[in-house]
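Asks: To be precise about what I am sending: the file is called final.tsv and holds TSV, C-alpha atoms.
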```
chain	number	residue	atom	x	y	z
A	1	MET	CA	-26.81	-66.52	15.56
A	2	THR	CA	-25.33	-67.48	18.90
A	3	ASN	CA	-22.86	-65.74	21.13
A	4	ASN	CA	-22.25	-67.84	24.22
A	5	ASN	CA	-19.13	-67.02	26.23
A	6	GLY	CA	-17.51	-65.32	23.25
A	7	SER	CA	-18.17	-68.12	20.77
A	8	SER	CA	-18.64	-67.36	17.11
A	9	ARG	CA	-22.00	-65.85	16.19
A	10	ILE	CA	-22.65	-67.99	13.14
A	11	LEU	CA	-25.80	-68.36	11.07
A	12	SER	CA	-28.61	-70.40	12.58
A	13	ASP	CA	-29.92	-73.65	11.09
A	14	GLN	CA	-32.99	-71.78	9.83
A	15	GLN	CA	-30.87	-69.12	8.13
A	16	VAL	CA	-28.87	-71.83	6.37
A	17	GLN	CA	-32.10	-73.47	5.20
A	18	ASP	CA	-33.30	-70.11	3.91
A	19	PHE	CA	-30.02	-69.68	2.03
A	20	HIS	CA	-30.37	-73.01	0.25
A	21	ARG	CA	-34.01	-72.33	-0.65
A	22	ASP	CA	-33.63	-68.71	-1.78
A	23	GLY	CA	-29.97	-68.47	-2.78
A	24	TYR	CA	-29.32	-65.82	-0.16
A	25	VAL	CA	-29.98	-64.84	3.43
A	26	ILE	CA	-29.71	-61.48	5.19
A	27	ALA	CA	-28.16	-61.55	8.66
A	28	LYS	CA	-29.37	-58.36	10.30
A	29	GLY	CA	-26.90	-56.75	12.69
A	30	PHE	CA	-24.26	-59.38	11.95
A	31	TYR	CA	-21.67	-56.82	13.01
A	32	SER	CA	-22.14	-54.43	15.90
A	33	PRO	CA	-22.27	-50.63	15.52
A	34	GLN	CA	-18.86	-50.46	17.21
A	35	GLU	CA	-17.33	-52.93	14.75
A	36	ILE	CA	-18.80	-51.16	11.73
A	37	ALA	CA	-17.65	-47.78	13.06
A	38	ARG	CA	-14.10	-49.12	12.99
A	39	LEU	CA	-14.54	-50.34	9.42
A	40	GLN	CA	-16.04	-47.01	8.33
A	41	GLU	CA	-13.21	-45.04	9.90
A	42	LYS	CA	-10.63	-47.23	8.18
A	43	ALA	CA	-12.25	-47.48	4.75
A	44	PHE	CA	-13.43	-43.90	4.36
A	45	ASN	CA	-9.92	-42.61	5.15
A	46	ASP	CA	-7.96	-45.22	3.18
A	47	ALA	CA	-6.41	-43.57	0.14
A	48	ASN	CA	-5.09	-46.95	-1.00
A	49	LEU	CA	-8.62	-48.10	-1.81
A	50	TYR	CA	-8.84	-45.42	-4.50
A	51	THR	CA	-5.24	-45.89	-5.64
A	52	ASN	CA	-5.76	-49.62	-6.18
A	53	ALA	CA	-9.37	-49.46	-7.40
A	54	TRP	CA	-10.53	-50.64	-10.77
A	55	ASP	CA	-13.01	-48.44	-12.60
A	56	LYS	CA	-15.75	-50.67	-13.97
A	57	LYS	CA	-18.04	-49.11	-16.56
A	58	ASP	CA	-21.61	-50.32	-16.92
A	59	ALA	CA	-23.46	-50.55	-20.23
A	60	SER	CA	-24.21	-46.80	-20.17
A	61	GLY	CA	-20.61	-45.86	-19.40
A	62	THR	CA	-20.99	-44.77	-15.77
A	63	VAL	CA	-18.35	-46.05	-13.36
A	64	SER	CA	-18.24	-48.01	-10.13
A	65	LYS	CA	-14.96	-48.38	-8.25
A	66	VAL	CA	-13.78	-51.75	-6.91
A	67	SER	CA	-10.70	-52.45	-4.81
A	68	LEU	CA	-9.94	-56.19	-4.68
A	69	TRP	CA	-7.31	-58.40	-3.06
A	70	GLN	CA	-6.69	-62.06	-2.23
A	71	ASP	CA	-3.96	-62.07	0.40
A	72	LEU	CA	-5.03	-61.69	4.01
A	73	GLY	CA	-2.82	-60.36	6.78
A	74	ASP	CA	-3.22	-58.62	10.12
A	75	ASP	CA	-4.93	-55.46	8.89
A	76	LEU	CA	-8.46	-54.52	9.95
A	77	TYR	CA	-10.07	-55.72	6.72
A	78	SER	CA	-8.51	-59.15	7.31
A	79	MET	CA	-9.97	-59.28	10.80
A	80	PHE	CA	-13.37	-59.36	9.09
A	81	SER	CA	-12.40	-61.79	6.30
A	82	ARG	CA	-10.55	-64.13	8.69
A	83	GLY	CA	-13.20	-63.89	11.42
A	84	ARG	CA	-14.81	-67.10	12.62
A	85	ARG	CA	-18.23	-65.50	12.49
A	86	LEU	CA	-18.05	-65.15	8.73
A	87	ALA	CA	-15.92	-68.17	7.80
A	88	ASP	CA	-17.74	-70.60	10.10
A	89	SER	CA	-21.07	-69.41	8.69
A	90	CYS	CA	-19.86	-70.16	5.16
A	91	GLU	CA	-18.61	-73.57	6.25
A	92	LYS	CA	-22.03	-74.27	7.75
A	93	ILE	CA	-23.67	-73.27	4.46
A	94	LEU	CA	-21.29	-75.32	2.28
A	95	GLY	CA	-20.88	-78.25	4.66
A	96	GLU	CA	-17.09	-78.39	4.49
A	97	PRO	CA	-13.97	-76.31	5.15
A	98	VAL	CA	-13.54	-73.16	3.08
A	99	PHE	CA	-10.75	-71.00	1.84
A	100	HIS	CA	-10.82	-67.28	1.14
A	101	THR	CA	-10.83	-66.41	-2.55
A	102	THR	CA	-11.01	-62.60	-2.59
A	103	THR	CA	-12.16	-59.61	-0.60
A	104	LYS	CA	-13.32	-56.50	-2.38
A	105	ILE	CA	-14.66	-53.12	-1.37
A	106	MET	CA	-17.30	-51.69	-3.67
A	107	MET	CA	-17.35	-47.90	-3.77
A	108	LYS	CA	-20.48	-46.58	-5.41
A	109	GLU	CA	-20.13	-42.83	-5.14
A	110	PRO	CA	-22.96	-40.27	-4.89
A	111	PHE	CA	-24.62	-39.31	-8.18
A	112	VAL	CA	-21.94	-40.97	-10.36
A	113	GLY	CA	-21.68	-44.58	-9.08
A	114	GLY	CA	-22.43	-46.90	-11.97
A	115	ALA	CA	-24.71	-49.90	-12.20
A	116	TRP	CA	-23.73	-53.56	-12.05
A	117	GLU	CA	-25.42	-55.53	-14.80
A	118	TRP	CA	-27.34	-58.76	-14.19
A	119	HIS	CA	-24.80	-61.50	-13.50
A	120	GLN	CA	-23.88	-64.55	-11.46
A	121	ASP	CA	-20.49	-64.61	-9.78
A	122	TYR	CA	-20.04	-68.18	-10.99
A	123	GLY	CA	-20.71	-66.93	-14.50
A	124	TYR	CA	-17.10	-65.77	-14.67
A	125	TRP	CA	-15.49	-67.57	-11.69
A	126	ALA	CA	-16.00	-70.94	-13.41
A	127	ASN	CA	-14.18	-69.87	-16.59
A	128	ASP	CA	-11.67	-67.40	-15.16
A	129	ASN	CA	-10.66	-69.29	-12.03
A	130	TYR	CA	-11.48	-72.95	-12.81
A	131	HIS	CA	-13.89	-73.74	-9.99
A	132	LEU	CA	-15.49	-77.04	-11.04
A	133	TYR	CA	-18.37	-76.94	-8.57
A	134	PRO	CA	-20.59	-73.93	-7.75
A	135	LYS	CA	-19.82	-74.13	-4.05
A	136	LEU	CA	-18.82	-70.54	-3.37
A	137	VAL	CA	-20.42	-67.93	-1.15
A	138	SER	CA	-20.08	-64.15	-1.17
A	139	CYS	CA	-20.72	-62.11	1.98
A	140	MET	CA	-21.74	-58.49	1.44
A	141	ILE	CA	-21.09	-56.48	4.60
A	142	ALA	CA	-22.85	-53.11	4.48
A	143	ILE	CA	-20.30	-50.44	5.42
A	144	ASN	CA	-23.01	-47.81	5.20
A	145	LYS	CA	-26.69	-47.85	4.41
A	146	ALA	CA	-27.78	-49.54	1.18
A	147	THR	CA	-31.06	-48.19	-0.21
A	148	VAL	CA	-32.98	-48.27	-3.46
A	149	GLU	CA	-31.94	-44.65	-3.99
A	150	ASN	CA	-28.20	-45.27	-3.70
A	151	GLY	CA	-28.20	-48.43	-5.80
A	152	CYS	CA	-28.63	-51.35	-3.43
A	153	LEU	CA	-28.19	-54.90	-4.65
A	154	GLU	CA	-31.18	-56.53	-6.34
A	155	VAL	CA	-31.52	-60.33	-6.50
A	156	LEU	CA	-33.79	-62.87	-8.14
A	157	LYS	CA	-34.96	-65.05	-5.29
A	158	GLY	CA	-34.25	-68.73	-5.90
A	159	SER	CA	-32.54	-68.12	-9.24
A	160	HIS	CA	-29.46	-70.08	-8.14
A	161	HIS	CA	-31.49	-73.22	-8.92
A	162	ILE	CA	-31.30	-72.35	-12.63
A	163	GLY	CA	-27.58	-73.13	-12.76
A	164	ARG	CA	-24.86	-71.20	-14.51
A	165	ILE	CA	-25.88	-68.95	-17.41
A	166	ASN	CA	-23.49	-67.89	-20.17
A	167	HIS	CA	-21.96	-64.45	-19.64
A	168	ASN	CA	-20.89	-61.84	-22.19
A	169	ALA	CA	-19.08	-58.50	-22.05
A	170	THR	CA	-21.32	-55.59	-21.01
A	171	GLY	CA	-19.29	-52.39	-20.79
A	172	ASP	CA	-16.26	-53.35	-18.69
A	173	GLN	CA	-18.32	-55.99	-16.91
A	174	LYS	CA	-19.46	-59.52	-17.69
A	175	GLY	CA	-23.23	-59.82	-17.75
A	176	ALA	CA	-25.53	-62.82	-17.95
A	177	ASP	CA	-27.23	-63.62	-21.26
A	178	MET	CA	-30.31	-61.40	-21.11
A	179	VAL	CA	-32.48	-63.91	-22.98
A	180	PHE	CA	-32.19	-66.16	-19.92
A	181	VAL	CA	-32.40	-63.28	-17.43
A	182	GLU	CA	-35.63	-62.02	-18.98
A	183	GLU	CA	-37.13	-65.50	-18.72
A	184	ALA	CA	-35.91	-65.83	-15.12
A	185	LEU	CA	-37.62	-62.53	-14.26
A	186	LYS	CA	-40.95	-64.17	-15.13
A	187	HIS	CA	-40.46	-66.93	-12.57
A	188	HIS	CA	-38.43	-65.45	-9.71
A	189	GLU	CA	-39.27	-62.65	-7.32
A	190	LEU	CA	-37.14	-59.51	-7.62
A	191	VAL	CA	-35.91	-58.50	-4.17
A	192	LYS	CA	-34.28	-55.14	-3.45
A	193	VAL	CA	-31.74	-55.78	-0.70
A	194	GLU	CA	-31.76	-52.72	1.52
A	195	LEU	CA	-29.25	-52.99	4.34
A	196	GLU	CA	-28.30	-51.11	7.48
A	197	PRO	CA	-24.60	-50.76	8.37
A	198	GLY	CA	-23.45	-54.09	9.80
A	199	ASP	CA	-26.11	-56.17	8.04
A	200	THR	CA	-24.56	-58.94	5.96
A	201	LEU	CA	-25.97	-60.60	2.84
A	202	PHE	CA	-24.76	-64.15	2.20
A	203	PHE	CA	-25.42	-65.19	-1.40
A	204	HIS	CA	-24.84	-68.20	-3.63
A	205	CYS	CA	-22.45	-67.90	-6.57
A	206	ASN	CA	-25.26	-68.72	-9.06
A	207	LEU	CA	-27.74	-66.18	-7.67
A	208	LEU	CA	-28.66	-63.65	-10.35
A	209	HIS	CA	-28.07	-60.14	-9.03
A	210	LYS	CA	-27.51	-56.57	-10.16
A	211	SER	CA	-27.54	-53.03	-8.84
A	212	ASN	CA	-28.64	-49.74	-10.32
A	213	GLN	CA	-26.73	-46.47	-10.58
A	214	ASN	CA	-26.39	-44.37	-7.45
A	215	LYS	CA	-28.48	-41.30	-8.17
A	216	SER	CA	-28.59	-40.13	-4.54
A	217	SER	CA	-26.37	-37.82	-2.50
A	218	GLU	CA	-25.24	-40.74	-0.30
A	219	PRO	CA	-22.44	-43.21	-1.12
A	220	ARG	CA	-23.04	-46.95	-1.05
A	221	TRP	CA	-20.02	-48.87	0.17
A	222	ALA	CA	-19.79	-52.57	0.90
A	223	MET	CA	-17.04	-55.06	1.71
A	224	ILE	CA	-17.48	-58.49	0.10
A	225	PRO	CA	-15.29	-61.39	1.23
A	226	ALA	CA	-15.85	-64.55	-0.83
A	227	TYR	CA	-15.18	-68.16	0.16
A	228	CYS	CA	-14.89	-71.43	-1.71
A	229	ALA	CA	-15.55	-74.95	-0.48
A	230	ASP	CA	-12.50	-77.16	-0.34
A	231	CYS	CA	-13.95	-79.49	-3.01
A	232	ALA	CA	-14.36	-76.56	-5.42
A	233	LYS	CA	-10.92	-74.99	-5.16
A	234	PRO	CA	-9.40	-74.20	-8.57
A	235	PHE	CA	-8.32	-77.33	-10.44
A	236	LYS	CA	-6.00	-75.42	-12.79
A	237	GLU	CA	-3.44	-72.71	-12.11
A	238	ASN	CA	-4.89	-69.21	-12.40
A	239	SER	CA	-4.81	-65.85	-10.65
A	240	LEU	CA	-6.16	-67.37	-7.42
A	241	ILE	CA	-3.80	-69.25	-5.13
A	242	TYR	CA	-5.15	-71.81	-2.66
A	243	ARG	CA	-4.26	-70.93	0.92
A	244	PRO	CA	-5.75	-72.45	4.09
A	245	LEU	CA	-7.77	-69.88	6.02
A	246	ASP	CA	-6.12	-68.77	9.27
A	247	LYS	CA	-9.18	-67.80	11.30
A	248	VAL	CA	-9.26	-65.24	14.10
A	249	GLU	CA	-11.73	-64.94	16.96
A	250	ASP	CA	-14.61	-62.52	16.70
A	251	ASP	CA	-13.14	-60.08	19.23
A	252	ALA	CA	-10.22	-59.43	16.85
A	253	ILE	CA	-12.06	-56.57	15.12
A	254	LEU	CA	-12.40	-54.45	18.24
A	255	ALA	CA	-9.01	-55.56	19.58
A	256	TRP	CA	-7.18	-54.59	16.38
A	257	GLN	CA	-4.67	-51.77	16.53
A	258	GLU	CA	-3.00	-49.91	13.66
```
Translate the structure described by the file into structure tokens.

Replies:
Amino acid sequence: MTNNNGSSRILSDQQVQDFHRDGYVIAKGFYSPQEIARLQEKAFNDANLYTNAWDKKDASGTVSKVSLWQDLGDDLYSMFSRGRRLADSCEKILGEPVFHTTTKIMMKEPFVGGAWEWHQDYGYWANDNYHLYPKLVSCMIAINKATVENGCLEVLKGSHHIGRINHNATGDQKGADMVFVEEALKHHELVKVELEPGDTLFFHCNLLHKSNQNKSSEPRWAMIPAYCADCAKPFKENSLIYRPLDKVEDDAILAWQE
């Protein structure tokens, strides 16, 4: 990442190469402690996140909460999703302009936060939202610490090269066909993605990933903006609406006022 005279701190060439090889890359300290402190203060005290959250049951019936939206405005969350640092990094990965598809906040609560079954984001985005090409990137920003104990994300390194796998209902979720997942587990390294607050995981829409239940006393919260390459925007009307991304400079997070 670079930060010369206030310019956007985007992913390096090497990080982009790592992304294309592995299907993901972890940008350590992508956001500063001061920026993440602002996000923590906002999110942890935002009753609307719970009011608007979906309860998603895993196969065993335990629940994770997800608050999701598409429209971006001038709120603090949008300062992250509209930030050049994030959007320019995704454009560097995908090689063309991007638009924002959704931002969601995952709230995996202590002791009760449910698992997310093995899946690819493109496993349902292709069918539900009519993206012809798998040129979408999700960016998981760690709001607080993600550990094995509190159910951090787990990925199969390089599994995006397999291509899209059929997905079926698993609890309230859509999970990848386990016949293919079990075969993929024989060929791809399982990586447990532990993150510090401010670390950001960029991952390909065909990367197989999951997370286990949170059996610890600590919550595991993350904000995940997702972006789509211009060539892969939905070709048929659906719940997503194409809107050009109105980027803001990186200092917008700390400059933001309620």

Asks: Residues within 9 Å of segment 187-196 of chain A, please, as a PyMOL selection string. Count only C-alpha atoms; anything in the same chain fewer than 6 positions from it doesn't count.

Replies: chain A and resi 26+28-29+141-148+152-159+211

Asks: Please indicate the distance in Å from atom CA of Leu49 of chain A to atom CA of Tyr124 of chain A, rounded to one decimal place.

Replies: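 Interatomic distance here is 23.4 Å.
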
Asks: Between atom CA of Leu136 of chain A and atom CA of Asp71 of chain A, what is the spacing in Å?

Replies: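 Atom-to-atom, atom CA of Asp71 of chain A and atom CA of Leu136 of chain A are spaced 17.5 Å apart.
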
Asks: Calculated over all atoms listed in the file, which of the candidates A:Gly123, A:Pro97, A:Pro225, A:Gly151 has the smallest distance to Gln70 of chain A?

Replies: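 Closest to Gln70 of chain A of all the choices is A:Pro225.
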
Asks: Quick check, in Å to one decimal: how far apart do atom CA of Arg84 of chain A and atom CA of His161 of chain A lie?

Replies: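 Separating atom CA of Arg84 of chain A from atom CA of His161 of chain A is a distance of 27.9 Å.
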
Asks: Restricting the calculation to only C-alpha atoms, which member of A:Leu72, A:Val248, A:Cys205, A:Ala53 is positioned closest to Val137 of chain A?

Replies: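 Distance minimum relative to Val137 of chain A lands on A:Cys205.
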
Asks: List as a ChimeraX atom specification the protein and nucleic acid residues near Phe80 of chain A, meaning an atom at most 10 Å away when all atoms listed in the file are counted, but skip any in the same chain fewer than 6 places from it.

Replies: /A:31,35,39,86-87,103,141,223-225,247-250,252-253

Asks: Any chance you can output those residues with C-alpha atoms as an mmCIF file, keeping the file's coordinate frame?

Replies:
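After the write, selection-v4.cif holds the following:
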```
data_model
loop_
_atom_site.group_PDB
_atom_site.id
_atom_site.type_symbol
_atom_site.label_atom_id
_atom_site.label_comp_id
_atom_site.auth_asym_id
_atom_site.auth_seq_id
_atom_site.Cartn_x
_atom_site.Cartn_y
_atom_site.Cartn_z
ATOM 1 C CA TYR A 31 -21.670 -56.820 13.010
ATOM 2 C CA GLU A 35 -17.330 -52.930 14.750
ATOM 3 C CA LEU A 39 -14.540 -50.340 9.420
ATOM 4 C CA LEU A 86 -18.050 -65.150 8.730
ATOM 5 C CA ALA A 87 -15.920 -68.170 7.800
ATOM 6 C CA THR A 103 -12.160 -59.610 -0.600
ATOM 7 C CA ILE A 141 -21.090 -56.480 4.600
ATOM 8 C CA MET A 223 -17.040 -55.060 1.710
ATOM 9 C CA ILE A 224 -17.480 -58.490 0.100
ATOM 10 C CA PRO A 225 -15.290 -61.390 1.230
ATOM 11 C CA LYS A 247 -9.180 -67.800 11.300
ATOM 12 C CA VAL A 248 -9.260 -65.240 14.100
ATOM 13 C CA GLU A 249 -11.730 -64.940 16.960
ATOM 14 C CA ASP A 250 -14.610 -62.520 16.700
ATOM 15 C CA ALA A 252 -10.220 -59.430 16.850
ATOM 16 C CA ILE A 253 -12.060 -56.570 15.120
#
```

Asks: For Val16 of chain A, which residue among A:Ser78, A:Ser138, A:Asn129, A:Ser89 is the nearest when counting only C-alpha atoms?

Replies: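 That would be A:Ser89, the residue with the smallest distance to Val16 of chain A.
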
Asks: Which residues come within 10 Å of Glu258 of chain A, counting only C-alpha atoms, excluding same-chain residues fewer than 2 positions away, as a list in words?

Replies: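 Counting only the stated atoms, we get Lys42, Asp74, Asp75, Leu76 and Trp256 of chain A.
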
Asks: Excluding same-chain residues fewer than 4 positions from Phe99 of chain A, what lies within 9 Å of it counting all atoms listed in the file, as an mmCIF file with C-alpha atoms, keeping the file's coordinate frame?

Replies:
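Output below, filename part.cif:
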```cif
data_model
loop_
_atom_site.group_PDB
_atom_site.id
_atom_site.type_symbol
_atom_site.label_atom_id
_atom_site.label_comp_id
_atom_site.auth_asym_id
_atom_site.auth_seq_id
_atom_site.Cartn_x
_atom_site.Cartn_y
_atom_site.Cartn_z
ATOM 1 C CA ALA A 87 -15.920 -68.170 7.800
ATOM 2 C CA ALA A 226 -15.850 -64.550 -0.830
ATOM 3 C CA TYR A 227 -15.180 -68.160 0.160
ATOM 4 C CA CYS A 228 -14.890 -71.430 -1.710
ATOM 5 C CA ALA A 229 -15.550 -74.950 -0.480
ATOM 6 C CA ASP A 230 -12.500 -77.160 -0.340
ATOM 7 C CA LYS A 233 -10.920 -74.990 -5.160
ATOM 8 C CA TYR A 242 -5.150 -71.810 -2.660
ATOM 9 C CA ARG A 243 -4.260 -70.930 0.920
ATOM 10 C CA PRO A 244 -5.750 -72.450 4.090
ATOM 11 C CA LEU A 245 -7.770 -69.880 6.020
#
```

Asks: For a quick check of understanding, using only C-alpha atoms, which of A:Asp246, A:Gln34, A:Arg164, A:Met106 has the smallest distance to Gly73 of chain A?

Replies: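 The closest residue to Gly73 of chain A is A:Asp246.
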
Asks: Take the point (-5.3, -75.6, -12.0) in the file's coordinates, draw a sphere of radius 12 Å around it, and report as a list in words every protein, DNA or RNA residue with an atom inside or on it, counting only C-alpha atoms.

Replies: Ala126, Asn127, Asp128, Asn129, Tyr130, His131, Leu132, Ala232, Lys233, Pro234, Phe235, Lys236, Glu237, Asn238, Ser239, Leu240, Ile241 and Tyr242 of chain A

Asks: Using all atoms listed in the file, pick whichever of A:His119, A:Arg9, A:Arg21, A:Lys215 has the shortest atom-to-atom distance to Arg85 of chain A.

Replies: A:Arg9

Asks: Val66 of chain A: which residues within 9 Å, counting all atoms listed in the file, same-chain residues fewer than 6 positions away excluded, as a list of chain:residue names?

Replies: A:Leu49, A:Tyr50, A:Asn52, A:Ala53, A:Trp54, A:Asp55, A:Lys56, A:Lys104, A:Ile105, A:Met106, A:Met107, A:Lys108

Asks: Counting all atoms listed in the file, which of A:Ile165, A:Val98, A:His204, A:Ser67 gets nearest to Asp18 of chain A?

Replies: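 Smallest separation from Asp18 of chain A among the options: A:His204.
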